[in-house]
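A.B. asks: Encoded as structure tokens, here's the structure I'll be asking about.
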Amino acid sequence: MFKKLLFTFFLFCLQNTWSQVNPLPVSNSYYYLTMTPSTSDESSVTVLGSQYIDQTFYSSTFTCISEITPPIRYNTFKEEMEFKVDGKLYYLVKNENCELTINNLTYKYFKNFDKKSNDGYLMVLTKSKDSKYILYKKEKVKYVPPYVPGSTYGEEKPAKYIVDKSKYYIKNQDSLTELPEKKSDFLKLFPNNKDSLELFLKENKIKFTEDSSVLLLVNYLNTL
């Protein structure tokens with residue numbers, strides 16, 4: 001009996017804490033839209049560039065809920081979806097069950113999406129969710145530390161954020177595979193369709209580093 005009372009009290013405290021932190025209405029569907037307050041970087045070191053590819057807050061929608069959601073921006077370096085309420089910055093708690101759309105771009109969160117067991121948001125490029133193969137794009141902003149020359153002849157350079165090269169991933173059922181940048185490596189992934197794919201790559205001059213070109217290839221894969 002005491003344990004049940006203790007558990008009920010714990011739930012009450014948890015809900016009360018949520019109501020103080022969560023600036024949005026609480027409902028059953030907001031199980032998918034929880035959030036945590038963020039803290040700004042306190043570092044006094046000057047870093048050039050930006051953690052964002054686009055710093056604008058855009059209107060947003062979630063596949064898991066029907067309520068109005070706040071304008072959001074993607075902090076590509078921190079792998080965080082950010083929004084503001086009353087001038088305070090918040091992060092969405094990451095959820096693998098929902099797709100988030102901002103500025104007509106749709107993102108889905110994945111855990112261990114690559115061989116290095118990285119977690120992050122991948123942009124959904126395939127429009128039809130019923131497709132056998134779904135194409136994702138991983139945007140990346142990386143930190144380059146400051147350069148201090150070993151002699152007086154070298155030029156000192158400050159730290160900076162730079163937009164790194166994007167990578168592509170193909171999802172087939174529960175398997176997520178990085179798209180190779182070499183034709184020979186790509187063909188190894190589909191040995192049963194090697195001849196037709198090789199011809200398609202040649203005729204369409206597929207480039208493994210361009211959205212439109214890679215999407216054309218995956219759309220063709222979905223016809224095989």
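How things are named: the first chain in the structure tokens is A, the next is B, and so on; residues count from 1 in each chain; ligands count from 1 in the order shown.
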Applying 9 Å and only C-alpha atoms, which residues near segment 95-104 of chain A remain after dropping the ones on its own chain fewer than 5 positions away? List them as a ChimeraX atom specification.
C.D. replies: /A:32-33,57-65,71-74,109-111,124
A.B. asks: Would you mind exporting N, CA and C atoms of the selected residues as a CSV table (one decimal), in the first residue's frame?
C.D. replies:
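This went into part09.csv:
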```
chain,number,residue,atom,x,y,z
A,32,TYR,N,4.5,12.8,-27.5
A,32,TYR,CA,5.5,12.8,-28.6
A,32,TYR,C,6.2,14.2,-28.7
A,33,LEU,N,5.8,15.2,-28.0
A,33,LEU,CA,6.3,16.5,-28.1
A,33,LEU,C,6.8,17.1,-26.8
A,57,PHE,N,13.7,30.3,-37.9
A,57,PHE,CA,12.6,29.5,-37.2
A,57,PHE,C,11.5,29.4,-38.2
A,58,TYR,N,11.1,28.2,-38.6
A,58,TYR,CA,10.0,28.0,-39.5
A,58,TYR,C,8.8,27.3,-38.9
A,59,SER,N,7.6,27.5,-39.4
A,59,SER,CA,6.5,26.8,-38.9
A,59,SER,C,6.7,25.3,-39.0
A,60,SER,N,6.1,24.5,-38.2
A,60,SER,CA,6.4,23.1,-38.1
A,60,SER,C,5.2,22.2,-38.0
A,61,THR,N,5.3,21.0,-38.4
A,61,THR,CA,4.2,20.0,-38.2
A,61,THR,C,4.9,18.7,-37.8
A,62,PHE,N,4.1,17.8,-37.0
A,62,PHE,CA,4.6,16.5,-36.6
A,62,PHE,C,3.6,15.5,-37.0
A,63,THR,N,4.1,14.4,-37.4
A,63,THR,CA,3.2,13.3,-37.9
A,63,THR,C,2.5,12.6,-36.7
A,64,CYS,N,3.0,12.8,-35.5
A,64,CYS,CA,2.4,12.1,-34.4
A,64,CYS,C,1.3,12.9,-33.7
A,65,ILE,N,1.1,14.2,-33.9
A,65,ILE,CA,0.2,15.0,-33.2
A,65,ILE,C,-0.6,15.9,-34.1
A,71,PRO,N,7.2,27.4,-34.2
A,71,PRO,CA,8.3,27.5,-35.2
A,71,PRO,C,9.6,26.9,-34.7
A,72,ILE,N,10.3,26.2,-35.6
A,72,ILE,CA,11.5,25.4,-35.2
A,72,ILE,C,12.6,25.6,-36.1
A,73,ARG,N,13.8,25.5,-35.7
A,73,ARG,CA,15.0,25.5,-36.5
A,73,ARG,C,15.9,24.3,-36.1
A,74,TYR,N,16.7,23.9,-37.1
A,74,TYR,CA,17.6,22.7,-36.9
A,74,TYR,C,19.0,23.2,-36.6
A,109,TYR,N,14.4,11.3,-36.8
A,109,TYR,CA,15.5,11.0,-35.9
A,109,TYR,C,15.8,9.5,-35.9
A,110,PHE,N,17.1,9.2,-36.0
A,110,PHE,CA,17.6,7.8,-35.9
A,110,PHE,C,18.7,7.7,-34.9
A,111,LYS,N,18.7,6.6,-34.2
A,111,LYS,CA,19.8,6.2,-33.3
A,111,LYS,C,20.7,5.2,-34.1
A,124,VAL,N,14.3,13.4,-45.0
A,124,VAL,CA,13.6,12.4,-45.8
A,124,VAL,C,13.5,13.0,-47.3
```
A.B. asks: Using DSSP secondary structure from the backbone, list all strand (DSSP E or B) positions within segment 115-183 of chain A, as a PyMOL selection string.
C.D. replies: chain A and resi 120-124+133-144+147+157+159-172+175-178
A.B. asks: At what distance in Å, to one decimal, does atom CA of Val47 of chain A lie from atom CA of Lys167 of chain A?
C.D. replies: 24.9 Å
A.B. asks: Just asking: which residues within chain A are helix (DSSP H, G or I) according to DSSP, as a PyMOL selection string?
C.D. replies: chain A and resi 2-21+28-32+183-188+191-204+211-221
A.B. asks: Give me the residues near segment 76-86 of chain A as a PDB file with C-alpha atoms, in the first residue's frame, where near means some atom within 8 Å (using only C-alpha atoms) and where sequence neighbours in that chain fewer than 4 positions away do not count.
C.D. replies:
```
ATOM      1  CA  PRO A  23       5.400  25.971 -22.201  1.00  0.00           C
ATOM      2  CA  GLN A  51      26.196  25.810 -36.076  1.00  0.00           C
ATOM      3  CA  TYR A  52      23.213  26.143 -38.429  1.00  0.00           C
ATOM      4  CA  ILE A  53      22.776  25.686 -42.157  1.00  0.00           C
ATOM      5  CA  PHE A  57      12.644  29.504 -37.250  1.00  0.00           C
ATOM      6  CA  PRO A  70       5.918  26.120 -32.553  1.00  0.00           C
ATOM      7  CA  PRO A  71       8.280  27.506 -35.204  1.00  0.00           C
ATOM      8  CA  ILE A  72      11.451  25.401 -35.164  1.00  0.00           C
ATOM      9  CA  TYR A  90      14.085  24.971 -25.864  1.00  0.00           C
ATOM     10  CA  TYR A  91      15.119  21.668 -27.452  1.00  0.00           C
ATOM     11  CA  LEU A  92      12.669  19.016 -28.533  1.00  0.00           C
ATOM     12  CA  GLY A 120      20.902  12.348 -35.484  1.00  0.00           C
ATOM     13  CA  TYR A 121      18.247  13.816 -37.732  1.00  0.00           C
ATOM     14  CA  GLU A 139      23.470  17.160 -43.331  1.00  0.00           C
ATOM     15  CA  LYS A 140      26.484  17.994 -41.205  1.00  0.00           C
ATOM     16  CA  VAL A 141      28.204  20.997 -39.678  1.00  0.00           C
ATOM     17  CA  LYS A 142      31.572  20.276 -38.133  1.00  0.00           C
ATOM     18  CA  TYR A 143      33.859  22.168 -35.778  1.00  0.00           C
TER      19      TYR A 143
END
```
A.B. asks: Excluding same-chain residues fewer than 6 positions from segment 178-192 of chain A, what lies within 6 Å of it counting only C-alpha atoms, as a list of chain:residue names?
C.D. replies: A:Tyr168, A:Tyr169, A:Phe208
A.B. asks: Please produce a file of those selected residues containing C-alpha atoms, as a PDB file, in the first residue's frame.
C.D. replies:
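Contents of again37.pdb, freshly written:
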```pdb
ATOM      1  CA  TYR A 168      22.961   9.668 -48.232  1.00  0.00           C
ATOM      2  CA  TYR A 169      21.311   6.605 -46.701  1.00  0.00           C
ATOM      3  CA  PHE A 208      26.260  10.202 -55.992  1.00  0.00           C
TER       4      PHE A 208
END
```
A.B. asks: Pick the closest to Leu216 of chain A from A:Lys138, A:Lys127, A:Lys171, A:Lys194: which is it, counting only C-alpha atoms?
C.D. replies: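 Once distances to Leu216 of chain A are computed over only C-alpha atoms, the minimum belongs to A:Lys127.
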A.B. asks: Let me make sure I understand: among A:Thr36, A:Pro146, A:Thr106, A:Phe113, which one has the smallest atom-to-atom distance to Lys94 of chain A if we use only C-alpha atoms?
C.D. replies: A:Thr36
A.B. asks: Just the number, please: distance in Å from atom CA of Lys132 of chain A to atom CA of Ser66 of chain A, one decimal.
C.D. replies: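 Interatomic distance, atom CA of Lys132 of chain A to atom CA of Ser66 of chain A: 27.2 Å.
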A.B. asks: Which is closest to Ser175 of chain A among A:Tyr133, A:Tyr153, A:Tyr107, A:Tyr220, if we use only C-alpha atoms?
C.D. replies: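 So, comparing all the options, the nearest one is A:Tyr133.
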